[in-house]
Structures are given as structure tokens and as C-alpha cells.
Amino acid sequence: MFQFILFDLDGTLTDPREGITKSVQFALLQQGIREPDLKKLEPFIGPPLRDSFMDFYDMTMEQADRAIVDYRKRFAPIGLLENKVYPGIPEMLEHLKEAGIRLAVASSKPETFVRQILEHFHLDHSFEVVVGGNMDGSRSEKDEVVEEALHRLGEPDGKGAMVGDRKYDIRGGQEHGLTTVGVSFGYAGKGE
């Protein structure tokens, strides 16, 4: 049995599709790019936004940073709550807590947003530690987030796991010697 489990948020505990894709769509429009197909924007769910804007739309770092500002103009007041908790998640978390397993969230999403989402869906009480990225883009890589979560848990010895839906979650957990568990219902691409 695991002594602690780190969970990713987007695509693992909650389905953020609507809020993220519509906020990306809004940000792209501010850059003069029209993308009517929200399905094409699903790859933005998981990796750091800067990387996604640069990789998928060939933006420079400066353009990507402007797009992030525009993204947050919509995401912070609206997109944040265009989210759904996956069925069975609250019950699973309660069961794990009752079994004495320490729980944490390790998300690349800015920590302030992670906390707001968890509070909105009444999941915050399930977690001993909540870690996200910083608004300035630092601590956005998953291995950095996992490292901080382990630090806040007091660098626990023993068996731990990282649960997520994308390769970033798996790599972040592996970097720190954790057992990694990929959920089958998130936003990983085929074969990821």
C-alpha cells in the first residue's frame, strides 16, 4: 500500500475541457488567430501554457506570454469553474484518506487556480498538500511541482505514487522515484 499519493488535477480529478479550450480560443483570437474547433485545443490540457502556445501556434516566448495574459483574462473569472469533477472522485479520495494515505495535488496549473477549483468542488479538505505552478511561469514543469509537493509533505520516505493523465505527470513522478499511475480517461493523445 502507498503511504502517500500525488494527484494531477486537470484530466485526473476534474474535466477542465470547456474552461481551458474556450480560454485558449479567446487568447488566440486576441492574437488574431481564429480557431473555431475546440477539439483542436485539447492538447493544451496538461502541459504548461507557454510551451503549448509556442509548440502548437509557433509563437515566440513574448507572444506566448501575451497569450497567457489574455488566456487568464477569461480563465480566472469564467473558465476556472467551467469544470466538472469526474464521477467517483470524491468517494475515492475519502476512501484513501480513511485508509490513512496522505494525499496531495501536484498540478502545473497556477496554485491559486488549483486551490480555487478544489474549494469550489469541495475537494480541498481531502488534501494535506496542494501544489501548483507560480503565476510568473516558474515551477510549471511537472518534476518541479512534484519536488515541491514532496518537500511540503516533509520529504516522505516510503512508497508513494503520482497519478495523472498525461506523459508530463508520469515523467514528473518517475523523476522522483515514485510509482506512476496513468488514468485512462484524461487528455493523453493516442499512444501517450
# chains A, B, ... in the order shown; residues from 1 in each chain; ligands from 1

call {"tool": "residues_around", "arguments": {"residues": "Glu147 (chain A)", "least_positions_apart": "2", "cutoff": "12 Å", "atoms": "only C-alpha atoms", "output": "number ranges by chain"}}
result
A: 6, 104-108, 131-133, 139-145, 149-156, 162, 172-178

call {"tool": "closest_atom_pairs", "arguments": {"of": "region 55-153 of chain A", "to": "region 41-45 of chain A", "cutoff": "12 Å", "atoms": "only C-alpha atoms", "output": "JSON lines"}}
result
{"residue": "A:Asp55", "atom": "CA", "partner": "A:Phe44", "partner_atom": "CA", "distance": 10.0}
{"residue": "A:Phe56", "atom": "CA", "partner": "A:Pro43", "partner_atom": "CA", "distance": 8.7}
{"residue": "A:Tyr57", "atom": "CA", "partner": "A:Leu41", "partner_atom": "CA", "distance": 10.7}
{"residue": "A:Ile68", "atom": "CA", "partner": "A:Phe44", "partner_atom": "CA", "distance": 11.8}
{"residue": "A:Tyr71", "atom": "CA", "partner": "A:Phe44", "partner_atom": "CA", "distance": 11.6}
{"residue": "A:Ser107", "atom": "CA", "partner": "A:Ile45", "partner_atom": "CA", "distance": 11.3}
{"residue": "A:Ser108", "atom": "CA", "partner": "A:Ile45", "partner_atom": "CA", "distance": 10.3}
{"residue": "A:Lys109", "atom": "CA", "partner": "A:Ile45", "partner_atom": "CA", "distance": 9.7}

call {"tool": "select_by_dssp", "arguments": {"residues": "region 26-71 of chain A", "states": "helix (DSSP H, G or I)", "output": "ChimeraX atom specification"}}
result
/A:26-30,38-44,49-57,61-71

call {"tool": "closest_residue", "arguments": {"among": "A:Ile78, A:Val24, A:Met92, A:Leu9", "to": "Leu118 (chain A)", "atoms": "only C-alpha atoms"}}
result
A:Leu9

call {"tool": "closest_residue", "arguments": {"among": "A:Ser23, A:Gln63, A:Ser126, A:Thr179", "to": "Glu91 (chain A)", "atoms": "only C-alpha atoms"}}
result
A:Ser126

call {"tool": "decode", "arguments": {"residues": "region 16-46 of chain A", "atoms": "N, CA, C and O atoms", "output": "mmCIF file, in the first residue's frame"}}
result
data_model
loop_
_atom_site.group_PDB
_atom_site.id
_atom_site.type_symbol
_atom_site.label_atom_id
_atom_site.label_comp_id
_atom_site.auth_asym_id
_atom_site.auth_seq_id
_atom_site.Cartn_x
_atom_site.Cartn_y
_atom_site.Cartn_z
ATOM 1 N N PRO A 16 -11.471 19.638 -17.232
ATOM 2 C CA PRO A 16 -11.426 21.083 -17.446
ATOM 3 C C PRO A 16 -11.635 21.508 -18.896
ATOM 4 O O PRO A 16 -11.402 22.664 -19.240
ATOM 5 N N ARG A 17 -12.055 20.580 -19.743
ATOM 6 C CA ARG A 17 -12.073 20.816 -21.186
ATOM 7 C C ARG A 17 -12.703 22.155 -21.579
ATOM 8 O O ARG A 17 -12.100 22.954 -22.278
ATOM 9 N N GLU A 18 -13.934 22.385 -21.148
ATOM 10 C CA GLU A 18 -14.649 23.578 -21.596
ATOM 11 C C GLU A 18 -13.911 24.859 -21.218
ATOM 12 O O GLU A 18 -13.692 25.731 -22.058
ATOM 13 N N GLY A 19 -13.526 24.979 -19.960
ATOM 14 C CA GLY A 19 -12.897 26.209 -19.498
ATOM 15 C C GLY A 19 -11.548 26.470 -20.132
ATOM 16 O O GLY A 19 -11.233 27.603 -20.506
ATOM 17 N N ILE A 20 -10.743 25.432 -20.272
ATOM 18 C CA ILE A 20 -9.408 25.619 -20.849
ATOM 19 C C ILE A 20 -9.504 25.907 -22.345
ATOM 20 O O ILE A 20 -8.905 26.859 -22.841
ATOM 21 N N THR A 21 -10.257 25.099 -23.075
ATOM 22 C CA THR A 21 -10.287 25.288 -24.531
ATOM 23 C C THR A 21 -10.929 26.617 -24.925
ATOM 24 O O THR A 21 -10.450 27.289 -25.837
ATOM 25 N N LYS A 22 -11.972 27.026 -24.220
ATOM 26 C CA LYS A 22 -12.599 28.315 -24.544
ATOM 27 C C LYS A 22 -11.680 29.484 -24.173
ATOM 28 O O LYS A 22 -11.677 30.517 -24.854
ATOM 29 N N SER A 23 -10.898 29.318 -23.121
ATOM 30 C CA SER A 23 -9.961 30.382 -22.729
ATOM 31 C C SER A 23 -8.783 30.451 -23.699
ATOM 32 O O SER A 23 -8.299 31.540 -24.020
ATOM 33 N N VAL A 24 -8.331 29.307 -24.196
ATOM 34 C CA VAL A 24 -7.282 29.294 -25.231
ATOM 35 C C VAL A 24 -7.835 29.928 -26.500
ATOM 36 O O VAL A 24 -7.160 30.748 -27.141
ATOM 37 N N GLN A 25 -9.058 29.578 -26.861
ATOM 38 C CA GLN A 25 -9.694 30.141 -28.048
ATOM 39 C C GLN A 25 -9.753 31.670 -27.946
ATOM 40 O O GLN A 25 -9.441 32.385 -28.897
ATOM 41 N N PHE A 26 -10.124 32.175 -26.773
ATOM 42 C CA PHE A 26 -10.176 33.616 -26.530
ATOM 43 C C PHE A 26 -8.789 34.243 -26.681
ATOM 44 O O PHE A 26 -8.632 35.283 -27.319
ATOM 45 N N ALA A 27 -7.779 33.606 -26.084
ATOM 46 C CA ALA A 27 -6.409 34.135 -26.158
ATOM 47 C C ALA A 27 -5.904 34.165 -27.597
ATOM 48 O O ALA A 27 -5.258 35.140 -28.017
ATOM 49 N N LEU A 28 -6.189 33.115 -28.348
ATOM 50 C CA LEU A 28 -5.759 33.079 -29.747
ATOM 51 C C LEU A 28 -6.426 34.191 -30.550
ATOM 52 O O LEU A 28 -5.786 34.841 -31.384
ATOM 53 N N LEU A 29 -7.703 34.417 -30.287
ATOM 54 C CA LEU A 29 -8.433 35.465 -31.001
ATOM 55 C C LEU A 29 -7.801 36.832 -30.748
ATOM 56 O O LEU A 29 -7.711 37.664 -31.653
ATOM 57 N N GLN A 30 -7.317 37.056 -29.530
ATOM 58 C CA GLN A 30 -6.650 38.325 -29.206
ATOM 59 C C GLN A 30 -5.351 38.477 -30.000
ATOM 60 O O GLN A 30 -4.874 39.586 -30.223
ATOM 61 N N GLN A 31 -4.796 37.344 -30.445
ATOM 62 C CA GLN A 31 -3.565 37.344 -31.259
ATOM 63 C C GLN A 31 -3.894 37.324 -32.761
ATOM 64 O O GLN A 31 -3.009 37.158 -33.592
ATOM 65 N N GLY A 32 -5.204 37.421 -33.082
ATOM 66 C CA GLY A 32 -5.617 37.422 -34.482
ATOM 67 C C GLY A 32 -5.755 36.038 -35.089
ATOM 68 O O GLY A 32 -5.827 35.892 -36.315
ATOM 69 N N ILE A 33 -5.812 35.011 -34.250
ATOM 70 C CA ILE A 33 -5.921 33.630 -34.730
ATOM 71 C C ILE A 33 -7.312 33.105 -34.391
ATOM 72 O O ILE A 33 -7.686 33.044 -33.223
ATOM 73 N N ARG A 34 -8.061 32.720 -35.423
ATOM 74 C CA ARG A 34 -9.393 32.154 -35.208
ATOM 75 C C ARG A 34 -9.291 30.636 -35.215
ATOM 76 O O ARG A 34 -8.792 30.054 -36.160
ATOM 77 N N GLU A 35 -9.779 30.038 -34.137
ATOM 78 C CA GLU A 35 -9.818 28.575 -34.042
ATOM 79 C C GLU A 35 -11.202 28.173 -33.554
ATOM 80 O O GLU A 35 -11.466 28.147 -32.352
ATOM 81 N N PRO A 36 -12.111 27.856 -34.484
ATOM 82 C CA PRO A 36 -13.477 27.518 -34.086
ATOM 83 C C PRO A 36 -13.630 26.125 -33.481
ATOM 84 O O PRO A 36 -14.597 25.868 -32.767
ATOM 85 N N ASP A 37 -12.690 25.225 -33.747
ATOM 86 C CA ASP A 37 -12.801 23.834 -33.304
ATOM 87 C C ASP A 37 -12.131 23.637 -31.939
ATOM 88 O O ASP A 37 -10.903 23.547 -31.848
ATOM 89 N N LEU A 38 -12.939 23.587 -30.885
ATOM 90 C CA LEU A 38 -12.398 23.420 -29.528
ATOM 91 C C LEU A 38 -11.667 22.095 -29.358
ATOM 92 O O LEU A 38 -10.750 21.994 -28.543
ATOM 93 N N LYS A 39 -12.027 21.092 -30.118
ATOM 94 C CA LYS A 39 -11.363 19.784 -30.047
ATOM 95 C C LYS A 39 -9.868 19.923 -30.372
ATOM 96 O O LYS A 39 -9.031 19.259 -29.773
ATOM 97 N N LYS A 40 -9.538 20.810 -31.303
ATOM 98 C CA LYS A 40 -8.142 21.026 -31.689
ATOM 99 C C LYS A 40 -7.332 21.664 -30.557
ATOM 100 O O LYS A 40 -6.108 21.643 -30.589
ATOM 101 N N LEU A 41 -8.016 22.234 -29.569
ATOM 102 C CA LEU A 41 -7.328 22.916 -28.480
ATOM 103 C C LEU A 41 -7.152 22.020 -27.251
ATOM 104 O O LEU A 41 -6.533 22.429 -26.271
ATOM 105 N N GLU A 42 -7.646 20.794 -27.294
ATOM 106 C CA GLU A 42 -7.500 19.867 -26.165
ATOM 107 C C GLU A 42 -6.045 19.564 -25.804
ATOM 108 O O GLU A 42 -5.755 19.333 -24.634
ATOM 109 N N PRO A 43 -5.095 19.565 -26.764
ATOM 110 C CA PRO A 43 -3.698 19.326 -26.367
ATOM 111 C C PRO A 43 -3.138 20.373 -25.392
ATOM 112 O O PRO A 43 -2.089 20.159 -24.790
ATOM 113 N N PHE A 44 -3.839 21.492 -25.213
ATOM 114 C CA PHE A 44 -3.422 22.494 -24.234
ATOM 115 C C PHE A 44 -3.685 22.023 -22.804
ATOM 116 O O PHE A 44 -3.173 22.607 -21.855
ATOM 117 N N ILE A 45 -4.492 20.978 -22.645
ATOM 118 C CA ILE A 45 -4.811 20.475 -21.314
ATOM 119 C C ILE A 45 -3.665 19.602 -20.832
ATOM 120 O O ILE A 45 -3.440 18.525 -21.363
ATOM 121 N N GLY A 46 -2.941 20.082 -19.851
ATOM 122 C CA GLY A 46 -1.847 19.300 -19.281
ATOM 123 C C GLY A 46 -0.514 20.012 -19.260
ATOM 124 O O GLY A 46 0.006 20.318 -18.200
#
